[in-house]
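Enquirer: My questions will all concern the structure given below.
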Amino acid sequence: MHTMFHRTKTRILLLAASIATASGLAVPAVSQADNAGFASDNAIVLFSSGVQGMCLQPVSASLGAAIVEKTCTVPGSAAQQWWVRENTASGNDTDRFAILTNEYSHLCIDAFGGLTNGTPIVQWTCGSSPGTSIGNEHWQGSDAELKSGMTPYTYNYCIYDNYPFSTAAELQSCNGEPAELWAQLLVGTAF
């Protein structure tokens, strides 16, 4: 079973590379030393699903709007672009995470509720400023998964491709299945 998931992750990365190459974008190589697992701090990325090749975006610019998948518009409309702001929990370098801010709404990806299967993924007011942060907006991008850091040091729940794509994304226990794998397509930097 693990081999099947490894092959799926490899196919996702190859698909992302071919989409990016055809459109002139870059697929970042993410180093294992980068514990947050994203392209880089201040990167602007698209998150493309491993199941359907669709991109994450909010259904509207409204507070609490569901995060869904729509056909990727490379290099991505502002609604599909996410600003990666890397951070640490109270300056503790062992708990690196990122806050993911939508370029269109300027709201953050948020696991709206507890760490349980089915928790909806929405956009919410970003709660991280220097010296403060909100756990349900902490994310790691390790192993092609978008893992929630709602509980510090514990990244066991992932954003799940809740297809069909018109349905809102949700949290599910991470297990490496294709529905929770996301390619990061680098489209620029915030600064």
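Each chain in the structure tokens gets a letter, A, B, ..., in the order shown, and its residues are numbered from 1; ligands are numbered from 1 in order too.
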Considering only C-alpha atoms, return as a short mmCIF file (atom, residue, chain, number, x, y, z; two decimals) with N, CA and C atoms, in the first residue's frame whatever protein or nucleic-acid residues lie within 8 Å of Ala190 of chain A, sequence-local ones (same chain, fewer than 4 positions apart) excluded.

Expert:
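Writing the result to out_37.cif gives the following:
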data_model
loop_
_atom_site.label_atom_id
_atom_site.label_comp_id
_atom_site.auth_asym_id
_atom_site.auth_seq_id
_atom_site.Cartn_x
_atom_site.Cartn_y
_atom_site.Cartn_z
N ASN A 42 7.37 33.82 2.21
CA ASN A 42 6.90 34.86 1.30
C ASN A 42 6.68 34.39 -0.13
N ALA A 43 6.62 33.09 -0.34
CA ALA A 43 6.29 32.56 -1.67
C ALA A 43 4.80 32.75 -1.93
N ILE A 44 4.44 32.91 -3.19
CA ILE A 44 3.04 32.89 -3.62
C ILE A 44 2.88 31.58 -4.40
N TRP A 83 -0.29 33.17 -0.16
CA TRP A 83 0.97 33.74 0.35
C TRP A 83 1.40 32.91 1.55
#

Enquirer: Among segment 41-158 of chain A, which ones does DSSP place in strand (DSSP E), written as number ranges by chain?

Expert: A: 43-49, 54-58, 67-71, 82-89, 92-102, 108-111, 121-124, 139-140, 147-148, 157-158

Enquirer: Closest to Phe112 of chain A among A:Leu46, A:Ala168, A:Leu146, A:Leu186, using only C-alpha atoms?

Expert: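 Ranked by minimum distance to Phe112 of chain A, first place goes to A:Ala168.
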
Enquirer: Could you give me, as a list of chain:residue names, the residues within 7 Å of Lys70 of chain A, counting only C-alpha atoms and dropping anything in the same chain fewer than 6 positions from it?

Expert: A:Met54, A:Cys55, A:Leu56, A:Gln57, A:Phe165

Enquirer: Could you check the closest approach to Gln52 of chain A for each of A:Asp161, A:Glu86, A:Asp143, A:Glu103 and tell me which residue wins, using only C-alpha atoms?

Expert: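 Using only C-alpha atoms, the shortest distance to Gln52 of chain A belongs to A:Asp161.
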
Enquirer: Give me, as a PyMOL selection string, all polymer residues having an atom no more than 9 Å from Gly76 of chain A, counting only C-alpha atoms and skipping those fewer than 4 positions away in the same chain.

Expert: chain A and resi 45-46+55+72+80-81+187

Enquirer: Store the residues picked out above, limited to C-alpha atoms, as a short mmCIF file (atom, residue, chain, number, x, y, z; two decimals), in the first residue's frame.

Expert:
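Result went into out_26.cif, see below:
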data_model
loop_
_atom_site.label_atom_id
_atom_site.label_comp_id
_atom_site.auth_asym_id
_atom_site.auth_seq_id
_atom_site.Cartn_x
_atom_site.Cartn_y
_atom_site.Cartn_z
CA VAL A 45 1.84 29.39 -4.55
CA LEU A 46 -1.09 27.48 -6.01
CA CYS A 55 -6.63 24.30 -7.26
CA CYS A 72 -6.54 25.84 -12.07
CA GLN A 80 -6.08 30.64 -6.25
CA GLN A 81 -2.87 32.28 -5.04
CA VAL A 187 3.95 31.69 -9.03
#

Enquirer: Quick one: residues within 10 Å of Asn162 of chain A, only C-alpha atoms, excluding same-chain residues fewer than 5 positions away - as a list in words?

Expert: Val51, Val68, Glu69, Gly118, Thr167, Ala168, Ala169, Glu170, Leu171, Gln172, Ala179 and Glu180 of chain A

Enquirer: Print the selection's residues with N, CA and C atoms to a file, as a PDB file, in the first residue's frame.

Expert:
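See out.pdb below for the written result:
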ATOM      1  N   VAL A  51      -5.672  14.398  -6.764  1.00  0.00           N
ATOM      2  CA  VAL A  51      -6.720  13.558  -7.325  1.00  0.00           C
ATOM      3  C   VAL A  51      -7.230  14.137  -8.641  1.00  0.00           C
ATOM      4  N   VAL A  68     -12.686  25.510  -1.553  1.00  0.00           N
ATOM      5  CA  VAL A  68     -13.088  24.464  -2.489  1.00  0.00           C
ATOM      6  C   VAL A  68     -12.011  24.313  -3.560  1.00  0.00           C
ATOM      7  N   GLU A  69     -12.261  23.435  -4.502  1.00  0.00           N
ATOM      8  CA  GLU A  69     -11.366  23.268  -5.639  1.00  0.00           C
ATOM      9  C   GLU A  69     -12.064  23.740  -6.905  1.00  0.00           C
ATOM     10  N   GLY A 118     -13.637  15.643   9.112  1.00  0.00           N
ATOM     11  CA  GLY A 118     -14.809  16.388   8.660  1.00  0.00           C
ATOM     12  C   GLY A 118     -14.814  17.857   9.039  1.00  0.00           C
ATOM     13  N   THR A 167     -17.534  20.625  -3.540  1.00  0.00           N
ATOM     14  CA  THR A 167     -17.713  20.445  -2.105  1.00  0.00           C
ATOM     15  C   THR A 167     -16.541  21.058  -1.366  1.00  0.00           C
ATOM     16  N   ALA A 168     -16.790  21.565  -0.184  1.00  0.00           N
ATOM     17  CA  ALA A 168     -15.740  22.193   0.615  1.00  0.00           C
ATOM     18  C   ALA A 168     -14.687  21.178   1.043  1.00  0.00           C
ATOM     19  N   ALA A 169     -13.438  21.644   1.086  1.00  0.00           N
ATOM     20  CA  ALA A 169     -12.350  20.822   1.615  1.00  0.00           C
ATOM     21  C   ALA A 169     -12.572  20.645   3.115  1.00  0.00           C
ATOM     22  N   GLU A 170     -11.991  19.583   3.672  1.00  0.00           N
ATOM     23  CA  GLU A 170     -12.144  19.307   5.087  1.00  0.00           C
ATOM     24  C   GLU A 170     -10.888  18.652   5.631  1.00  0.00           C
ATOM     25  N   LEU A 171     -10.798  18.568   6.972  1.00  0.00           N
ATOM     26  CA  LEU A 171      -9.699  17.843   7.603  1.00  0.00           C
ATOM     27  C   LEU A 171     -10.029  16.360   7.647  1.00  0.00           C
ATOM     28  N   GLN A 172      -8.999  15.545   7.456  1.00  0.00           N
ATOM     29  CA  GLN A 172      -9.080  14.101   7.656  1.00  0.00           C
ATOM     30  C   GLN A 172      -7.762  13.649   8.261  1.00  0.00           C
ATOM     31  N   ALA A 179      -6.097  11.733  -2.044  1.00  0.00           N
ATOM     32  CA  ALA A 179      -7.036  12.830  -1.796  1.00  0.00           C
ATOM     33  C   ALA A 179      -6.495  13.887  -0.842  1.00  0.00           C
ATOM     34  N   GLU A 180      -5.341  13.631  -0.198  1.00  0.00           N
ATOM     35  CA  GLU A 180      -4.767  14.645   0.691  1.00  0.00           C
ATOM     36  C   GLU A 180      -3.399  15.112   0.212  1.00  0.00           C
TER      37      GLU A 180
END

Enquirer: Using only C-alpha atoms, which of A:Ala79, A:Val122, A:Leu185, A:Met150 sits nearest Ile67 of chain A?

Expert: A:Val122
